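Q: Have a look at this one before I ask anything.
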Amino acid sequence: MTSARERLRRSVGGFVASAGAGFARPATRMLLLSDGREYTSEQQLAPIWRHRNRLRRDLCLAIDWRSLDGQDDAGWHGLSGYDVIGLKLSFRRSASEAMDIVRRVRETLGQGSATRLVYFDGDDDSAVLWPELVELTDLYVKKHLFTDPADYRRAFIGKSNLTDHAARVAGRSFADDIIPIGQPEPVLTPAKLYLGWNIALDDKIARRPTIAPTTPRSIDICGRVHVSPDSWLGDLRAPAIAALESLAGRWRVAVPRARVSQAAYDAELRAARICVSPFGYGELCWRDFEAIQAGCLLVKPDVGHIRTAPDLFEAGVTYAPVRWDYADLEGVCARYLSDEGARIAIVEEGQRRLRESLGPGWFVERMRVLLAALEKAADEIAKE
């Protein structure tokens with residue numbers, strides 16, 4: 001019988017089966033096991049489903065999904081029939097509950113099992129909520145990672161570096177928050193942290209049309225940045241609101257407060273030359289990619305402290321960064337509002353990269369590299 005490790009090796013060996021000829025070797029079987037409790041987190045799995053036929057054709061990777069909730073004993077024992085288990089949990093679970101689930105998966109597979117365990121962290125931020133969980137996995141996949149690994153040895157006020165920033169600049173307390181301290185323990189094996197793909201590949205972005213940046217525009221700068229002042233996001237965005245409102249006398253600026261329909265929001269983006277996109281619960285949000293697709297120049301706080309893929313955040317190439325306090329917002333906007341050619345060039349490069357990443361070839365290659373990383377992990381286990 002072919003071992004799980006050998007099947008995994010073959011899946012990244014470069015063989016491409018033709019659609020009509022069937023598979024000349026056993027398919028690698030991957031089970032996605034998730035609780036389905038957070039929509040935005042579950043979207044991390046969306047491109048796997050969207051490109052599953054190409055993954056099967058090009059990598060001989062067969063994908064199944066099973067709900068974690070309601071798993072019976074037979075379901076748990078069935079895990080051993082897979083070569084790769086991809087696990088996803090809601091951040092609302094307690095640390096003890098999350099660890100119990102991961103330990104049960106490991107115990108079910110048994111000591112020395114060749115089945116690889118991948119954890120898909122679909123949280124918006126770059127921090128690791130349960131550092132001890134990393135040690136029980138073969139790869140811990142995030143949407144973006146801190147550029148400096150030392151940041152995974154820090155403890156944050158609140159869940160992430162962004163809540164920590166809000167606490168330090170605005171005095172926000174997170175003592176009563178659902179997660180008062182993020183990364184309570186350092187990540188002992190940061191090498192297991194693996195850069196997967198970001199929300200550019202979510203279904204919402206994949207379905208949207210792309211609008212040329214050369215279309216007529218009636219708004220110079222838009223910034224839909226208002227949130228409840230009771231939220232810590234209000235602390236994070238207050239400088240953005242003040243900076244945007246101060247520009248209204250110089251340019252056509254839209255800083256609306258009222259919520260609108262998706263259609264009205266899309267029309268607003270299509271009418272704007274620049275979109276200012278502040279941080280949300282994480283560094284990236286759908287608006288970043290919606291703005292690029294709508295033909296806007298994306299202006300947002302500098303994200304040089306993270307790595308992400310697809311990388312649509314190359315300063316001066318695919319977006320225009322500003323300081324986290326927005327002190328330089330006027331100067332950045334002035335530069336591109338006075339040079340339409342430069343604005344258009346940045347938008348077009350962002351659109352090109354986004355279009356490429358939404359194609360099946362980009363994602364198949366991303367999964368091939370991920371499987372290769374798992375093969376390496378399997379080899380290291382086999383040598384022990």
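Chain identifiers are assigned as A, B, and so on, following the order in which chains appear in the structure tokens; residues are numbered from 1 within each chain, and ligands are numbered from 1 in order of appearance.
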Residues of range 124-223 of chain A that approach range 78-99 of chain A to 12 Å or less, counting only C-alpha atoms: could you list each one with the shortest pair of atoms and its distance in Å to one decimal, rows by chain and increasing residue number, as a Markdown table?
A:
```
| residue | atom | partner | partner_atom | distance |
| --- | --- | --- | --- | --- |
| A:Asp124 | CA | A:Phe91 | CA | 10.3 |
| A:Asp125 | CA | A:Phe91 | CA | 11.2 |
| A:Ala127 | CA | A:Phe91 | CA | 11.8 |
| A:Val128 | CA | A:Phe91 | CA | 10.2 |
| A:Leu129 | CA | A:Phe91 | CA | 7.6 |
| A:Trp130 | CA | A:Ala95 | CA | 6.5 |
| A:Pro131 | CA | A:Ala95 | CA | 9.7 |
| A:Glu132 | CA | A:Met99 | CA | 8.0 |
| A:Leu133 | CA | A:Met99 | CA | 6.4 |
| A:Val134 | CA | A:Met99 | CA | 10.2 |
| A:Glu135 | CA | A:Met99 | CA | 10.6 |
| A:Leu136 | CA | A:Met99 | CA | 8.9 |
| A:Thr137 | CA | A:Leu87 | CA | 9.6 |
| A:Asp138 | CA | A:Val84 | CA | 10.0 |
| A:Leu139 | CA | A:Gly86 | CA | 9.6 |
| A:Tyr140 | CA | A:Leu87 | CA | 9.7 |
| A:Val141 | CA | A:Gly86 | CA | 9.7 |
| A:Lys142 | CA | A:Lys88 | CA | 11.2 |
| A:Lys159 | CA | A:Phe91 | CA | 10.0 |
| A:Asp177 | CA | A:Arg92 | CA | 11.4 |
| A:Ile178 | CA | A:Arg92 | CA | 7.8 |
| A:Ile179 | CA | A:Arg92 | CA | 8.7 |
| A:Gly182 | CA | A:Phe91 | CA | 11.3 |
| A:Gln183 | CA | A:Ala95 | CA | 11.2 |
| A:Pro184 | CA | A:Ala95 | CA | 10.6 |
| A:Glu185 | CA | A:Ala95 | CA | 11.8 |
```
Q: Which residues, written as an mmCIF file with N, CA, C and O atoms, in the first residue's frame, have at least one atom at most 6 Å from range 197-210 of chain A, with only C-alpha atoms counted and residues fewer than 3 positions away on the same chain left out?
A:
```
data_model
loop_
_atom_site.group_PDB
_atom_site.id
_atom_site.type_symbol
_atom_site.label_atom_id
_atom_site.label_comp_id
_atom_site.auth_asym_id
_atom_site.auth_seq_id
_atom_site.Cartn_x
_atom_site.Cartn_y
_atom_site.Cartn_z
ATOM 1 N N GLN A 43 -13.807 31.925 4.461
ATOM 2 C CA GLN A 43 -13.461 32.317 3.100
ATOM 3 C C GLN A 43 -12.003 32.029 2.758
ATOM 4 O O GLN A 43 -11.616 32.033 1.596
ATOM 5 N N LYS A 143 -3.016 34.380 6.593
ATOM 6 C CA LYS A 143 -3.254 35.220 5.431
ATOM 7 C C LYS A 143 -2.130 36.229 5.237
ATOM 8 O O LYS A 143 -1.875 36.682 4.122
ATOM 9 N N GLN A 293 -10.151 47.214 -7.917
ATOM 10 C CA GLN A 293 -11.015 46.748 -9.007
ATOM 11 C C GLN A 293 -11.858 47.880 -9.575
ATOM 12 O O GLN A 293 -12.183 47.876 -10.767
ATOM 13 N N ALA A 294 -12.215 48.858 -8.739
ATOM 14 C CA ALA A 294 -13.051 49.970 -9.189
ATOM 15 C C ALA A 294 -12.253 51.044 -9.911
ATOM 16 O O ALA A 294 -12.828 52.019 -10.413
ATOM 17 N N ALA A 309 0.243 37.566 0.419
ATOM 18 C CA ALA A 309 0.155 37.120 -0.983
ATOM 19 C C ALA A 309 -1.321 36.939 -1.343
ATOM 20 O O ALA A 309 -2.081 36.383 -0.553
#
```
Q: Skipping near chain neighbours, those fewer than 2 positions away, what residues fall within 9 Å of Leu68 in chain A using only C-alpha atoms, listed as an mmCIF file with N, CA and C atoms, in the first residue's frame?
A:
```
data_model
loop_
_atom_site.group_PDB
_atom_site.id
_atom_site.type_symbol
_atom_site.label_atom_id
_atom_site.label_comp_id
_atom_site.auth_asym_id
_atom_site.auth_seq_id
_atom_site.Cartn_x
_atom_site.Cartn_y
_atom_site.Cartn_z
ATOM 1 N N LEU A 33 -11.539 20.315 7.703
ATOM 2 C CA LEU A 33 -12.359 20.072 8.886
ATOM 3 C C LEU A 33 -12.530 21.405 9.612
ATOM 4 N N SER A 34 -13.743 21.980 9.563
ATOM 5 C CA SER A 34 -13.942 23.311 10.136
ATOM 6 C C SER A 34 -15.272 23.390 10.868
ATOM 7 N N ASP A 35 -15.378 24.423 11.729
ATOM 8 C CA ASP A 35 -16.631 24.595 12.474
ATOM 9 C C ASP A 35 -17.597 25.537 11.763
ATOM 10 N N GLY A 36 -17.146 26.227 10.711
ATOM 11 C CA GLY A 36 -18.037 27.060 9.906
ATOM 12 C C GLY A 36 -18.651 28.228 10.641
ATOM 13 N N ARG A 66 -15.707 18.456 5.883
ATOM 14 C CA ARG A 66 -16.562 17.896 6.922
ATOM 15 C C ARG A 66 -16.721 18.925 8.030
ATOM 16 N N GLY A 70 -20.693 18.235 15.536
ATOM 17 C CA GLY A 70 -21.491 17.040 15.294
ATOM 18 C C GLY A 70 -20.683 15.834 14.869
ATOM 19 N N GLN A 71 -19.349 15.934 14.930
ATOM 20 C CA GLN A 71 -18.514 14.785 14.583
ATOM 21 C C GLN A 71 -18.810 13.623 15.540
ATOM 22 N N LEU A 87 -7.419 22.031 9.248
ATOM 23 C CA LEU A 87 -8.307 22.348 10.365
ATOM 24 C C LEU A 87 -8.512 23.847 10.485
ATOM 25 N N LYS A 88 -9.749 24.252 10.825
ATOM 26 C CA LYS A 88 -10.074 25.662 11.027
ATOM 27 C C LYS A 88 -11.056 25.797 12.181
ATOM 28 N N LEU A 89 -10.761 26.730 13.115
ATOM 29 C CA LEU A 89 -11.610 26.960 14.278
ATOM 30 C C LEU A 89 -11.927 28.440 14.413
#
```
Q: Where does DSSP see strand (DSSP E or B) in range 111-333 of chain A, if you list the residues as a PyMOL selection string?
A: chain A and resi 116-121+139-142+144-146+156-158+181-182+193-195+219-222+253-254+272-276+297-301+306-308+315+319-322
Q: Which residues are close to range 324-330 of chain A, i.e. within 8 Å by only C-alpha atoms, leaving aside same-chain residues fewer than 5 positions away? Reply as a list in words.
A: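 Everything that qualifies: Pro239, Ala240, Ala243, Leu244, Leu247, Pro301 and Asp302 of chain A.
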Q: Near range 344-354 of chain A, within 10 Å and counting only C-alpha atoms, which residues show up once chain neighbours fewer than 2 positions away are dropped, as a ChimeraX atom specification?
A: /A:200-201,205-206,210-214,273-274,289,291-298,310-320,336,339-342,356-359
Q: Quick one: pick out all alpha helix (DSSP H) residues within range 33-232 of chain A from a backbone DSSP run and write them as a VMD selection string.
A: chain A and resid 39 to 42 46 to 50 52 to 59 73 to 77 95 to 109 131 to 134 161 to 170 203 to 206 232
Q: Can you pull out every residue within 12 Å of Arg172 in chain A, counting only C-alpha atoms, but drop anything in the same chain fewer than 4 positions away, and send it as a list in words?
A: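 Surrounding residues, per the criterion: Ile157, Gly158, Leu162, Thr163, Asp164, His165, Ala166, Ala167, Arg168, Asp176, Asp177, Pro180, Pro229, Asp230, Ser231, Trp232, Leu233, Gly234, Asp235 and Leu236 of chain A.
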Q: Could the residues in this selection be saved with C-alpha atoms as a PDB file, in the first residue's frame?
A:
```pdb
ATOM      1  CA  ILE A 157      -2.817  44.439  24.556  1.00  0.00           C
ATOM      2  CA  GLY A 158      -6.001  42.990  23.091  1.00  0.00           C
ATOM      3  CA  LEU A 162      -3.602  46.861  16.015  1.00  0.00           C
ATOM      4  CA  THR A 163      -5.526  46.632  19.295  1.00  0.00           C
ATOM      5  CA  ASP A 164      -2.187  47.189  21.013  1.00  0.00           C
ATOM      6  CA  HIS A 165      -1.702  50.368  18.941  1.00  0.00           C
ATOM      7  CA  ALA A 166      -5.217  51.598  19.845  1.00  0.00           C
ATOM      8  CA  ALA A 167      -4.485  50.995  23.519  1.00  0.00           C
ATOM      9  CA  ARG A 168      -1.223  52.903  23.396  1.00  0.00           C
ATOM     10  CA  ASP A 176     -13.249  43.331  29.403  1.00  0.00           C
ATOM     11  CA  ASP A 177     -12.719  42.304  25.784  1.00  0.00           C
ATOM     12  CA  PRO A 180      -7.838  40.933  26.560  1.00  0.00           C
ATOM     13  CA  PRO A 229     -16.998  55.657  18.655  1.00  0.00           C
ATOM     14  CA  ASP A 230     -17.552  52.914  21.226  1.00  0.00           C
ATOM     15  CA  SER A 231     -15.429  50.534  19.150  1.00  0.00           C
ATOM     16  CA  TRP A 232     -11.646  50.429  19.369  1.00  0.00           C
ATOM     17  CA  LEU A 233     -11.724  50.841  15.583  1.00  0.00           C
ATOM     18  CA  GLY A 234     -12.928  54.361  16.299  1.00  0.00           C
ATOM     19  CA  ASP A 235      -9.648  55.049  18.085  1.00  0.00           C
ATOM     20  CA  LEU A 236      -7.718  53.591  15.163  1.00  0.00           C
TER      21      LEU A 236
END
```
Q: So which residues touch Ser277 in chain A within 8 Å, counting only C-alpha atoms, skipping near sequence neighbours fewer than 3 positions away, as a ChimeraX atom specification?
A: /A:223-225,287-288,298-301
Q: Hey, can you check how far CA of Gly282 in chain A sits from CA of Ser126 in chain A?
A: 7.0 Å
Q: Using Å and a single decimal, report how far CA of Ala238 in chain A sits from CA of Ala170 in chain A.
A: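 Going from CA of Ala170 in chain A over to CA of Ala238 in chain A covers 9.8 Å.
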Q: Taking into account only C-alpha atoms, which residue in the set A:Leu337, A:Leu31, A:Val102, A:Ile63 is nearest to Arg250 in chain A?
A: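 Closest residue, counting only C-alpha atoms: A:Leu337.
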Q: With only C-alpha atoms as the atoms that count, which of A:Ala258, A:Ile181, A:Leu371, A:Val276 lies nearest to Ile241 in chain A?
A: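 Using only C-alpha atoms, the shortest distance to Ile241 in chain A belongs to A:Val276.
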Q: Quote the spacing between CA of Lys192 in chain A and CA of Gly75 in chain A in Å to one decimal place.
A: 27.3 Å
